[in-house]
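*Asks:* One structure, as structure tokens, below. Some questions next.
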Amino acid sequence: MKIGELARQTGLAASAIRFYESKGLLKVGSRQSNGYREYPEEAVMVLKIISDAQHAGFSLEEIAQLLPDEASTWKHDELLAALRKKIADIEVLEQRLACSKSELQSLVELIDSKPADVGCKENAERVMATMEGRRRSTLPKQP
């Protein structure tokens, strides 16, 4: 199939398909005499795998290492290890994001709790002093 049909079936732009090809992730079946690329039917599956893997957080380099030359030659153990590692990476990221969210919520509450008789400058100083106090209380104790 030609690149236009492949783009239609996968929902990817032709430029993205050519990019994946240039990175060695997608192989062209052949070229016609006019220079048009001919892609095999399995290119649809390969592009969907690439797209899904990117959405799951895999880099193109990681995908290139895991993608087999042929669909029948998947490296089972390597694939499972990579998937498990990506899950662990996501869990670490979730913890960081939860911590960041909590800190931001605390900051919003601190700013929002401005006493009525305090001006903006004084409130900013109050917020900064409170944040500095929180930072100091969470730092490890020095021997």
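Please note that chains go A, B, ... in the order of the structure tokens, that every chain numbers its residues from 1, and that ligands are numbered from 1 in the order shown.
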Which residues are near A:Lys2? Cut-off 7 Å, only C-alpha atoms, ignore same chain within fewer than 6 positions. Put them as a PyMOL selection string.

*Replies:* chain A and resi 37-39

*Asks:* Out of stretch 6-131 of chain A, which residues get strand (DSSP E or B) from DSSP, as a ChimeraX atom specification?

*Replies:* /A:30-31,37-38

*Asks:* Just asking: which residues within stretch 22-141 of chain A are helix (DSSP H, G or I) according to DSSP, as a VMD selection string?

*Replies:* chain A and resid 22 42 to 55 60 to 66 71 to 73 76 to 112 120 to 138

*Asks:* Rounded to one decimal place, report the atom CA of A:Ala129-atom CA of A:Glu103 distance in Å.

*Replies:*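 Interatomic distance, atom CA of A:Ala129 to atom CA of A:Glu103: 15.1 Å.
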
*Asks:* Residues at most 8 Å from stretch 10-25 of chain A, counting only C-alpha atoms, excluding those fewer than 2 positions away in the same chain, as a PDB file with N, CA and C atoms, in the first residue's frame?

*Replies:*
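Dumped everything to part_30.pdb:
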```pdb
ATOM      1  N   ILE A   3       1.773   5.330   0.893  1.00  0.00           N
ATOM      2  CA  ILE A   3       1.830   6.053   2.160  1.00  0.00           C
ATOM      3  C   ILE A   3       0.496   6.737   2.501  1.00  0.00           C
ATOM      4  N   GLY A   4      -0.219   7.214   1.500  1.00  0.00           N
ATOM      5  CA  GLY A   4      -1.509   7.859   1.748  1.00  0.00           C
ATOM      6  C   GLY A   4      -2.511   6.898   2.364  1.00  0.00           C
ATOM      7  N   LEU A   6      -1.741   4.127   3.991  1.00  0.00           N
ATOM      8  CA  LEU A   6      -1.215   3.788   5.318  1.00  0.00           C
ATOM      9  C   LEU A   6      -1.556   4.891   6.319  1.00  0.00           C
ATOM     10  N   ALA A   7      -1.426   6.125   5.897  1.00  0.00           N
ATOM     11  CA  ALA A   7      -1.776   7.257   6.766  1.00  0.00           C
ATOM     12  C   ALA A   7      -3.263   7.219   7.105  1.00  0.00           C
ATOM     13  N   ARG A   8      -4.101   6.946   6.119  1.00  0.00           N
ATOM     14  CA  ARG A   8      -5.544   6.889   6.356  1.00  0.00           C
ATOM     15  C   ARG A   8      -5.906   5.778   7.342  1.00  0.00           C
ATOM     16  N   LYS A  27       9.825  -0.360   8.137  1.00  0.00           N
ATOM     17  CA  LYS A  27      10.532  -0.750   6.919  1.00  0.00           C
ATOM     18  C   LYS A  27       9.616  -0.617   5.709  1.00  0.00           C
ATOM     19  N   VAL A  28      10.189  -0.115   4.632  1.00  0.00           N
ATOM     20  CA  VAL A  28       9.464  -0.008   3.369  1.00  0.00           C
ATOM     21  C   VAL A  28       9.581  -1.344   2.675  1.00  0.00           C
ATOM     22  N   VAL A  44       0.677  -1.370   9.107  1.00  0.00           N
ATOM     23  CA  VAL A  44      -0.420  -0.802   9.900  1.00  0.00           C
ATOM     24  C   VAL A  44      -0.252  -1.213  11.361  1.00  0.00           C
ATOM     25  N   LEU A  47       2.872   0.483  12.990  1.00  0.00           N
ATOM     26  CA  LEU A  47       2.632   1.889  13.316  1.00  0.00           C
ATOM     27  C   LEU A  47       1.702   2.043  14.512  1.00  0.00           C
ATOM     28  N   LYS A  48       0.730   1.161  14.636  1.00  0.00           N
ATOM     29  CA  LYS A  48      -0.157   1.218  15.802  1.00  0.00           C
ATOM     30  C   LYS A  48       0.612   0.867  17.079  1.00  0.00           C
ATOM     31  N   ILE A  63      11.473   1.983  21.896  1.00  0.00           N
ATOM     32  CA  ILE A  63      10.632   1.243  20.953  1.00  0.00           C
ATOM     33  C   ILE A  63      11.511   0.514  19.943  1.00  0.00           C
ATOM     34  N   ALA A  64      12.537   1.189  19.443  1.00  0.00           N
ATOM     35  CA  ALA A  64      13.430   0.573  18.457  1.00  0.00           C
ATOM     36  C   ALA A  64      14.109  -0.665  19.022  1.00  0.00           C
ATOM     37  N   LEU A  67      11.088  -3.425  19.288  1.00  0.00           N
ATOM     38  CA  LEU A  67      10.351  -3.803  18.087  1.00  0.00           C
ATOM     39  C   LEU A  67      11.125  -4.863  17.309  1.00  0.00           C
TER      40      LEU A  67
END
```

*Asks:* Using only C-alpha atoms, which of the listed residues (A:Glu91, A:Ala56, A:Val127, A:Cys120) sits closest to A:Val108?

*Replies:*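 Checking each of A:Glu91, A:Ala56, A:Val127, A:Cys120 against A:Val108, counting only C-alpha atoms, the winner is A:Val127.
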